[in-house]
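> Next comes the structure file coords_18.cif, holding mmCIF, C-alpha atoms.
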data_entry
#
loop_
_atom_site.label_atom_id
_atom_site.label_comp_id
_atom_site.auth_asym_id
_atom_site.auth_seq_id
_atom_site.Cartn_x
_atom_site.Cartn_y
_atom_site.Cartn_z
CA MET A 1 83.37 -68.15 -9.25
CA ARG A 2 80.05 -66.91 -8.03
CA ILE A 3 77.01 -67.74 -10.09
CA VAL A 4 75.21 -64.52 -10.89
CA ARG A 5 72.26 -66.18 -12.61
CA ARG A 6 70.62 -67.27 -9.37
CA ARG A 7 70.10 -63.73 -8.27
CA MET A 8 68.03 -62.78 -11.31
CA PRO A 9 64.34 -62.77 -10.37
CA ALA A 10 62.23 -64.87 -12.75
CA GLU A 11 59.25 -62.83 -13.95
CA ILE A 12 56.96 -62.80 -16.96
CA PRO A 13 56.22 -59.23 -18.04
CA THR A 14 52.43 -58.99 -18.16
CA ALA A 15 52.02 -55.24 -18.24
CA SER A 16 51.46 -55.13 -22.01
CA MET A 17 49.02 -58.03 -21.93
CA ALA A 18 46.16 -55.72 -20.91
CA ASP A 19 47.01 -53.35 -23.76
CA VAL A 20 46.77 -56.15 -26.29
CA ALA A 21 43.50 -57.34 -24.82
CA PHE A 22 41.93 -53.88 -24.80
CA LEU A 23 42.97 -53.39 -28.41
CA LEU A 24 41.03 -56.56 -29.26
CA ILE A 25 38.03 -55.31 -27.25
CA ILE A 26 37.95 -52.07 -29.22
CA PHE A 27 38.19 -54.02 -32.46
CA PHE A 28 35.18 -56.19 -31.60
CA LEU A 29 33.21 -53.21 -30.31
CA VAL A 30 33.69 -51.32 -33.57
CA VAL A 31 32.94 -54.31 -35.78
CA SER A 32 29.76 -55.28 -33.96
CA ILE A 33 28.07 -51.88 -34.17
CA TYR A 34 27.28 -51.99 -37.87
CA SER A 35 25.71 -55.38 -38.28
CA VAL A 36 22.06 -55.41 -39.32
CA THR A 37 20.73 -58.92 -39.01
CA ARG A 38 17.09 -58.48 -38.22
CA GLY A 39 14.06 -58.29 -40.44
CA ILE A 40 10.82 -59.93 -41.53
CA GLN A 41 11.03 -63.48 -42.73
CA PHE A 42 8.93 -65.23 -45.28
CA SER A 43 9.12 -68.39 -47.30
CA LEU A 44 8.98 -68.39 -51.03
CA PRO A 45 6.91 -71.17 -52.56
CA ARG A 46 8.74 -74.43 -53.14
CA HIS A 47 10.10 -74.81 -56.60
CA ASP A 48 8.45 -78.14 -57.40
CA GLU A 49 5.16 -77.19 -55.81
CA ALA A 50 2.36 -75.72 -57.90
CA THR A 51 2.36 -72.08 -56.95
CA LEU A 52 -0.75 -70.04 -56.31
CA THR A 53 -2.82 -73.12 -55.67
CA VAL A 54 -5.02 -71.06 -53.36
CA GLU A 55 -8.44 -70.25 -54.70
CA PRO A 56 -8.72 -66.47 -55.01
CA GLU A 57 -12.11 -66.56 -53.24
CA ALA A 58 -10.67 -68.30 -50.21
CA ALA A 59 -7.79 -65.88 -49.82
CA VAL A 60 -7.72 -62.25 -48.80
CA LEU A 61 -6.33 -60.17 -51.63
CA ILE A 62 -4.48 -57.03 -50.60
CA GLU A 63 -3.35 -54.64 -53.28
CA VAL A 64 -0.97 -51.80 -52.58
CA ALA A 65 -1.25 -48.89 -54.99
CA GLU A 66 1.58 -46.58 -56.10
CA THR A 67 0.56 -44.07 -53.46
CA GLY A 68 0.60 -46.74 -50.75
CA ALA A 69 -3.21 -46.84 -50.59
CA LEU A 70 -4.69 -50.25 -49.90
CA THR A 71 -7.41 -52.16 -51.67
CA VAL A 72 -8.54 -55.21 -49.72
CA ASP A 73 -10.74 -57.67 -51.62
CA ARG A 74 -11.36 -54.95 -54.24
CA LYS A 75 -12.52 -52.43 -51.63
CA PRO A 76 -10.39 -49.50 -50.43
CA LEU A 77 -9.38 -49.83 -46.78
CA PRO A 78 -7.01 -47.75 -44.64
CA LEU A 79 -4.01 -49.59 -43.15
CA GLU A 80 -5.29 -48.92 -39.60
CA GLU A 81 -8.47 -50.91 -40.29
CA LEU A 82 -6.65 -53.91 -41.74
CA THR A 83 -6.32 -55.61 -38.34
CA ALA A 84 -10.07 -55.30 -37.68
CA TYR A 85 -10.80 -56.67 -41.15
CA LEU A 86 -8.49 -59.68 -40.84
CA ASN A 87 -9.07 -60.71 -37.23
CA PRO A 88 -12.55 -62.32 -37.65
CA ARG A 89 -11.36 -64.10 -40.80
CA LEU A 90 -8.29 -65.46 -39.05
CA ALA A 91 -10.40 -66.54 -36.08
CA ARG A 92 -12.43 -68.77 -38.41
CA ASN A 93 -9.40 -70.05 -40.30
CA PRO A 94 -5.99 -69.42 -38.68
CA SER A 95 -4.15 -70.49 -41.81
CA LYS A 96 -6.16 -68.20 -44.08
CA PRO A 97 -3.93 -67.19 -46.96
CA VAL A 98 -3.35 -63.54 -47.70
CA ILE A 99 -2.14 -62.51 -51.14
CA LEU A 100 -0.09 -59.32 -51.12
CA ARG A 101 0.25 -57.58 -54.46
CA THR A 102 2.18 -54.37 -54.75
CA ALA A 103 2.12 -51.89 -57.63
CA LEU A 104 5.46 -51.88 -59.41
CA GLU A 105 5.93 -48.15 -59.00
CA ALA A 106 5.14 -48.18 -55.27
CA PRO A 107 8.03 -47.66 -52.86
CA TYR A 108 9.43 -50.74 -51.11
CA SER A 109 8.43 -49.33 -47.71
CA ALA A 110 4.73 -49.34 -48.73
CA MET A 111 4.97 -53.11 -49.15
CA THR A 112 6.92 -53.72 -45.93
CA ASP A 113 4.43 -51.60 -43.94
CA VAL A 114 1.58 -53.89 -44.98
CA PHE A 115 3.70 -57.03 -44.59
CA ASP A 116 4.64 -55.93 -41.08
CA GLU A 117 0.97 -55.35 -40.25
CA LEU A 118 0.09 -58.84 -41.51
CA ARG A 119 2.82 -60.40 -39.38
CA GLN A 120 1.58 -58.49 -36.32
CA VAL A 121 -2.00 -59.67 -36.86
CA GLY A 122 -0.61 -63.19 -36.99
CA VAL A 123 -1.15 -64.12 -40.62
CA ARG A 124 0.93 -67.24 -41.14
CA ASN A 125 0.29 -67.73 -44.80
CA VAL A 126 1.39 -64.64 -46.72
CA VAL A 127 1.73 -65.09 -50.46
CA ILE A 128 3.75 -62.50 -52.37
CA PRO A 129 3.38 -63.35 -56.02
CA THR A 130 5.91 -61.83 -58.38
CA GLN A 131 4.91 -60.17 -61.62
CA ALA A 132 6.18 -63.09 -63.69
CA GLU A 133 4.12 -65.52 -61.63
CA LEU A 134 0.98 -63.44 -62.09
CA GLN A 135 1.51 -63.42 -65.83
CA LEU A 136 2.25 -67.14 -65.84
CA TYR A 137 -1.05 -67.91 -64.14
CA GLY A 138 -2.92 -65.31 -66.13
CA LEU A 139 -3.91 -63.34 -63.04
CA GLU A 140 -2.51 -60.07 -64.25
CA PRO A 141 -5.42 -57.85 -65.28
CA MET B 1 58.53 -40.14 15.02
CA HIS B 2 58.76 -43.80 14.19
CA VAL B 3 55.53 -43.85 12.20
CA SER B 4 56.74 -41.48 9.51
CA ARG B 5 59.83 -43.62 8.89
CA THR B 6 57.83 -46.76 8.20
CA ARG B 7 55.61 -44.88 5.72
CA GLU B 8 58.59 -43.90 3.60
CA ARG B 9 59.65 -47.51 3.24
CA PHE B 10 56.17 -48.60 1.92
CA GLN B 11 56.31 -49.14 -1.84
CA SER B 12 53.20 -47.98 -3.73
CA ALA B 13 52.11 -50.24 -6.61
CA ILE B 14 48.85 -50.81 -8.43
CA PRO B 15 48.21 -54.51 -8.93
CA THR B 16 47.67 -54.96 -12.67
CA ALA B 17 48.04 -58.72 -12.92
CA SER B 18 44.27 -59.30 -13.04
CA MET B 19 43.72 -56.54 -15.62
CA ALA B 20 44.54 -58.92 -18.47
CA ASP B 21 42.10 -61.51 -17.13
CA ILE B 22 39.28 -58.98 -17.10
CA ALA B 23 40.19 -57.76 -20.55
CA PHE B 24 40.31 -61.26 -22.06
CA LEU B 25 36.96 -62.04 -20.48
CA LEU B 26 35.54 -59.02 -22.31
CA VAL B 27 37.28 -60.07 -25.53
CA ILE B 28 35.64 -63.51 -25.36
CA PHE B 29 32.26 -61.91 -24.63
CA PHE B 30 32.46 -59.66 -27.69
CA MET B 31 33.78 -62.48 -29.87
CA ILE B 32 30.76 -64.61 -29.02
CA THR B 33 28.16 -61.86 -29.36
CA THR B 34 29.55 -60.32 -32.55
CA ALA B 35 27.87 -61.26 -35.77
CA PHE B 36 30.33 -60.26 -38.44
CA SER B 37 28.52 -58.14 -40.93
CA VAL B 38 29.40 -58.84 -44.54
CA ASP B 39 27.87 -55.61 -45.73
CA ARG B 40 28.36 -52.05 -44.59
CA THR B 41 26.41 -50.20 -47.27
CA ALA B 42 24.62 -47.25 -45.71
CA LEU B 43 20.92 -47.53 -46.47
CA GLU B 44 17.67 -46.33 -45.02
CA LEU B 45 15.96 -49.61 -44.25
CA PRO B 46 12.16 -49.84 -44.02
CA GLN B 47 10.76 -49.84 -40.52
CA THR B 48 8.83 -52.74 -39.05
CA ALA B 49 7.53 -53.53 -35.60
CA GLU B 50 7.79 -57.27 -36.18
CA GLN B 51 11.34 -58.57 -36.42
CA GLN B 52 13.09 -61.89 -36.40
CA GLN B 53 16.76 -62.64 -36.32
CA ALA B 54 18.04 -63.39 -39.77
CA PRO B 55 19.86 -66.74 -40.00
CA LYS B 56 23.63 -66.65 -39.68
CA ASN B 57 25.67 -66.83 -42.87
CA ALA B 58 22.70 -65.84 -44.99
CA ALA B 59 23.53 -64.67 -48.49
CA VAL B 60 22.98 -60.93 -48.68
CA ILE B 61 21.43 -59.04 -51.58
CA VAL B 62 21.80 -55.28 -51.23
CA ILE B 63 19.71 -52.88 -53.28
CA THR B 64 20.70 -49.24 -52.92
CA ALA B 65 18.45 -46.21 -53.39
CA ASP B 66 19.91 -45.63 -56.87
CA GLU B 67 19.09 -49.25 -57.78
CA ARG B 68 22.59 -50.70 -57.75
CA PHE B 69 23.02 -54.30 -56.58
CA LEU B 70 25.59 -55.82 -54.24
CA PHE B 71 25.84 -59.50 -53.41
CA SER B 72 27.53 -61.75 -50.90
CA ALA B 73 27.13 -65.51 -50.59
CA GLY B 74 27.38 -65.08 -46.83
CA GLU B 75 31.07 -65.58 -46.13
CA GLU B 76 32.82 -62.80 -48.00
CA ASP B 77 32.15 -59.06 -48.13
CA THR B 78 29.51 -57.80 -50.52
CA ARG B 79 30.69 -56.84 -53.98
CA PRO B 80 28.83 -54.92 -56.68
CA VAL B 81 27.05 -56.88 -59.38
CA GLY B 82 26.23 -55.49 -62.80
CA GLY B 83 22.54 -56.14 -63.07
CA VAL B 84 19.67 -58.52 -62.42
CA GLU B 85 21.11 -61.16 -64.79
CA GLU B 86 24.45 -61.22 -62.99
CA LEU B 87 22.61 -61.29 -59.67
CA ALA B 88 20.50 -64.22 -60.87
CA ALA B 89 23.67 -66.13 -61.76
CA ALA B 90 25.15 -65.43 -58.31
CA ILE B 91 21.91 -66.56 -56.59
CA GLY B 92 21.91 -69.67 -58.77
CA ARG B 93 25.42 -70.60 -57.68
CA VAL B 94 24.36 -70.41 -54.01
CA THR B 95 21.15 -72.42 -54.40
CA ALA B 96 22.90 -75.00 -56.60
CA SER B 97 25.10 -76.02 -53.68
CA ASN B 98 22.37 -75.71 -51.04
CA ARG B 99 18.71 -75.15 -51.82
CA LEU B 100 17.91 -74.24 -48.21
CA HIS B 101 20.58 -71.55 -47.98
CA PRO B 102 18.95 -68.49 -46.37
CA PHE B 103 18.87 -65.14 -48.15
CA SER B 104 18.63 -61.63 -46.75
CA VAL B 105 17.34 -58.77 -48.85
CA LYS B 106 18.70 -55.45 -47.65
CA ALA B 107 16.96 -52.79 -49.69
CA ASP B 108 16.50 -49.06 -49.32
CA ARG B 109 12.96 -48.07 -48.35
CA THR B 110 12.62 -45.71 -51.31
CA VAL B 111 13.45 -48.33 -53.95
CA LYS B 112 10.64 -48.96 -56.43
CA TYR B 113 8.84 -52.25 -55.84
CA ARG B 114 9.57 -53.18 -59.47
CA VAL B 115 13.21 -53.81 -58.49
CA ILE B 116 12.27 -55.89 -55.42
CA ASP B 117 9.81 -57.85 -57.54
CA GLY B 118 12.61 -58.62 -60.01
CA VAL B 119 14.90 -59.87 -57.23
CA LEU B 120 12.15 -61.98 -55.60
CA GLU B 121 11.42 -63.48 -59.01
CA GLN B 122 15.09 -64.46 -59.42
CA LEU B 123 15.08 -66.00 -55.93
CA ARG B 124 11.92 -67.95 -56.76
CA VAL B 125 13.33 -69.19 -60.07
CA ALA B 126 16.56 -70.25 -58.34
CA GLY B 127 14.50 -72.20 -55.81
CA ALA B 128 15.42 -70.20 -52.72
CA GLU B 129 12.94 -70.79 -49.91
CA ASN B 130 14.10 -68.88 -46.88
CA VAL B 131 14.14 -65.12 -47.38
CA THR B 132 14.38 -62.32 -44.83
CA LEU B 133 13.65 -58.71 -45.68
CA LEU B 134 15.99 -56.77 -43.45
CA SER B 135 14.38 -53.90 -41.59
CA ARG B 136 14.95 -51.42 -38.84
CA GLY B 137 13.05 -52.02 -35.62
CA GLU B 138 10.55 -49.40 -34.56
CA GLN B 139 11.93 -49.50 -31.03
CA ALA B 140 15.30 -48.39 -32.44
CA LEU B 141 13.97 -44.86 -32.97
#
Please go through the file and, once you have read it, give me the structure as structure tokens.

Amino acid sequence: MRIVRRRMPAEIPTASMADVAFLLIIFFLVVSIYSVTRGIQFSLPRHDEATLTVEPEAAVLIEVAETGALTVDRKPLPLEELTAYLNPRLARNPSKPVILRTALEAPYSAMTDVFDELRQVGVRNVVIPTQAELQLYGLEP
Amino acid sequence: MHVSRTRERFQSAIPTASMADIAFLLVIFFMITTAFSVDRTALELPQTAEQQQAPKNAAVIVITADERFLFSAGEEDTRPVGGVEELAAAIGRVTASNRLHPFSVKADRTVKYRVIDGVLEQLRVAGAENVTLLSRGEQAL
């Protein structure tokens, strides 16, 4: 008897392989579009460390009002002039602390606008005290 | 003519063997570059010029415009949490296992600062140190 098996060409069907792979590509493309992983970083004070140890005189105090208006060291100052105000102080002391206090009714974006500006100027030491902290240290007027 | 005869015998075929290789190369590329997002809540993030990459696997705290909270420890998808107290408990569970675990705060730009202040206070109490406020880059406009 003749062996028929020998005549059969050995071949792995790879035509659908590309389809599978492209399906995976589309999956990863779709999934990766939505991820938001960028922002402004800051460090909260260490738990065991005494918070707000900075003398208020030595630090720059920035207050953000409900309207988004700024008060820097008790004097009103537009956001555009903040860089000019901080630069000479940072030149003298690069680690000069800046305390950022935001009115509770102010929108979140008012705070991030100022925070962003501080990061751009190069302020390394930004302190964002929370309301509870201010009350704890008796700094709340 | 002889030429026309030979043309008829020529079998036309598009070589597709390398298609799968190309596709898998793309798959690997997207797998490496994709950061799986644990949260897909649509928000209008605040805009900042300064941006840093948030750490991978950071726990995500989402605050929507209508002041609802969602939380993810970093691995699973975000799920809604009832209020600040429940959020504080969830933050506490994360920091209890790892104090240095990074946190990302993804909040709508119109949210009142009072809410952000409450969340930052909970993070401070829980001992979290590394916090990123997620934002939209100004170049993304």
> I need the residue nearest B:Arg99 from this list: B:Asp39, B:Glu129, B:Asp66, B:Glu50. Use only C-alpha atoms for the distance.
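So, comparing all the options, the nearest one is B:Glu129.
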> Applying the PyMOL selection byres ((chain B and resi 69) around 8) to the file I just gave you, which residues come out? Please list them as a ChimeraX atom specification.
/B:61-64,67-68,70-71,80-84,87
> Counting all atoms listed in the file, what is within 8 Å of B:Glu138, bar same-chain residues fewer than 5 positions away, as a PDB file with C-alpha atoms, in the frame of the given file?

ATOM      1  CA  GLN B  47      10.760 -49.840 -40.520  1.00  0.00           C
ATOM      2  CA  THR B  48       8.830 -52.740 -39.050  1.00  0.00           C
ATOM      3  CA  ALA B  49       7.530 -53.530 -35.600  1.00  0.00           C
TER       4      ALA B  49
END
> Applied to the shown file, which residues does the PyMOL selection byres ((chain B) within 6 of (chain A)) return, written as a PDB file with C-alpha atoms, keeping the file's coordinate frame?

ATOM      1  CA  MET B  19      43.720 -56.540 -15.620  1.00  0.00           C
ATOM      2  CA  ALA B  20      44.540 -58.920 -18.470  1.00  0.00           C
ATOM      3  CA  ALA B  23      40.190 -57.760 -20.550  1.00  0.00           C
ATOM      4  CA  PHE B  24      40.310 -61.260 -22.060  1.00  0.00           C
ATOM      5  CA  VAL B  27      37.280 -60.070 -25.530  1.00  0.00           C
ATOM      6  CA  PHE B  30      32.460 -59.660 -27.690  1.00  0.00           C
ATOM      7  CA  THR B  34      29.550 -60.320 -32.550  1.00  0.00           C
ATOM      8  CA  SER B  37      28.520 -58.140 -40.930  1.00  0.00           C
ATOM      9  CA  PRO B  46      12.160 -49.840 -44.020  1.00  0.00           C
ATOM     10  CA  THR B  48       8.830 -52.740 -39.050  1.00  0.00           C
ATOM     11  CA  GLU B  50       7.790 -57.270 -36.180  1.00  0.00           C
ATOM     12  CA  GLN B  51      11.340 -58.570 -36.420  1.00  0.00           C
ATOM     13  CA  GLN B  52      13.090 -61.890 -36.400  1.00  0.00           C
ATOM     14  CA  GLN B  53      16.760 -62.640 -36.320  1.00  0.00           C
ATOM     15  CA  ALA B  54      18.040 -63.390 -39.770  1.00  0.00           C
ATOM     16  CA  ARG B 109      12.960 -48.070 -48.350  1.00  0.00           C
ATOM     17  CA  THR B 110      12.620 -45.710 -51.310  1.00  0.00           C
ATOM     18  CA  VAL B 111      13.450 -48.330 -53.950  1.00  0.00           C
ATOM     19  CA  LYS B 112      10.640 -48.960 -56.430  1.00  0.00           C
ATOM     20  CA  TYR B 113       8.840 -52.250 -55.840  1.00  0.00           C
ATOM     21  CA  ARG B 114       9.570 -53.180 -59.470  1.00  0.00           C
ATOM     22  CA  ASP B 117       9.810 -57.850 -57.540  1.00  0.00           C
ATOM     23  CA  GLU B 121      11.420 -63.480 -59.010  1.00  0.00           C
ATOM     24  CA  GLY B 127      14.500 -72.200 -55.810  1.00  0.00           C
ATOM     25  CA  GLU B 129      12.940 -70.790 -49.910  1.00  0.00           C
ATOM     26  CA  ASN B 130      14.100 -68.880 -46.880  1.00  0.00           C
ATOM     27  CA  VAL B 131      14.140 -65.120 -47.380  1.00  0.00           C
ATOM     28  CA  THR B 132      14.380 -62.320 -44.830  1.00  0.00           C
ATOM     29  CA  LEU B 133      13.650 -58.710 -45.680  1.00  0.00           C
ATOM     30  CA  LEU B 134      15.990 -56.770 -43.450  1.00  0.00           C
ATOM     31  CA  SER B 135      14.380 -53.900 -41.590  1.00  0.00           C
TER      32      SER B 135
END
> Tell me, in Å to one decimal, how far atom CA of B:Asn98 is from atom CA of B:Gly74.
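Between atom CA of B:Asn98 and atom CA of B:Gly74 the gap is 12.5 Å.
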> Around all the atoms of stretch 135-139 of chain A listed in the file, with 5 Å of room on each side, what axis-aligned box do you get, giving centre and edge lengths in Å to one decimal, as AutoDock Vina command-line options?

--center_x -0.8 --center_y -65.6 --center_z -64.6 --size_x 16.2 --size_y 14.6 --size_z 13.1
> Tell me, in Å to one decimal, how far atom CA of B:Asn57 is from atom CA of B:Leu26.
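Atom CA of B:Asn57 sits 24.1 Å away from atom CA of B:Leu26.
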> For A:Ile62, list every protein, DNA or RNA residue within 9 Å, evaluated using all atoms listed in the file, and leave out those in the same chain fewer than 3 positions away; present the list as a PyMOL selection string.
chain A and resi 70-74+98-102+114
> Around (21.2, -47.3, -45.8), as given in the file, which residues come within 8 Å? Count only C-alpha atoms and list them as a list in words.
Thr41, Ala42, Leu43, Glu44, Leu45, Thr64, Ala107 and Asp108 of chain B
> Using Å and a single decimal, report how far atom CA of A:Ala65 sits from atom CA of B:Ala126.
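Answer for the atom CA of B:Ala126 to atom CA of A:Ala65 separation: 28.0 Å.
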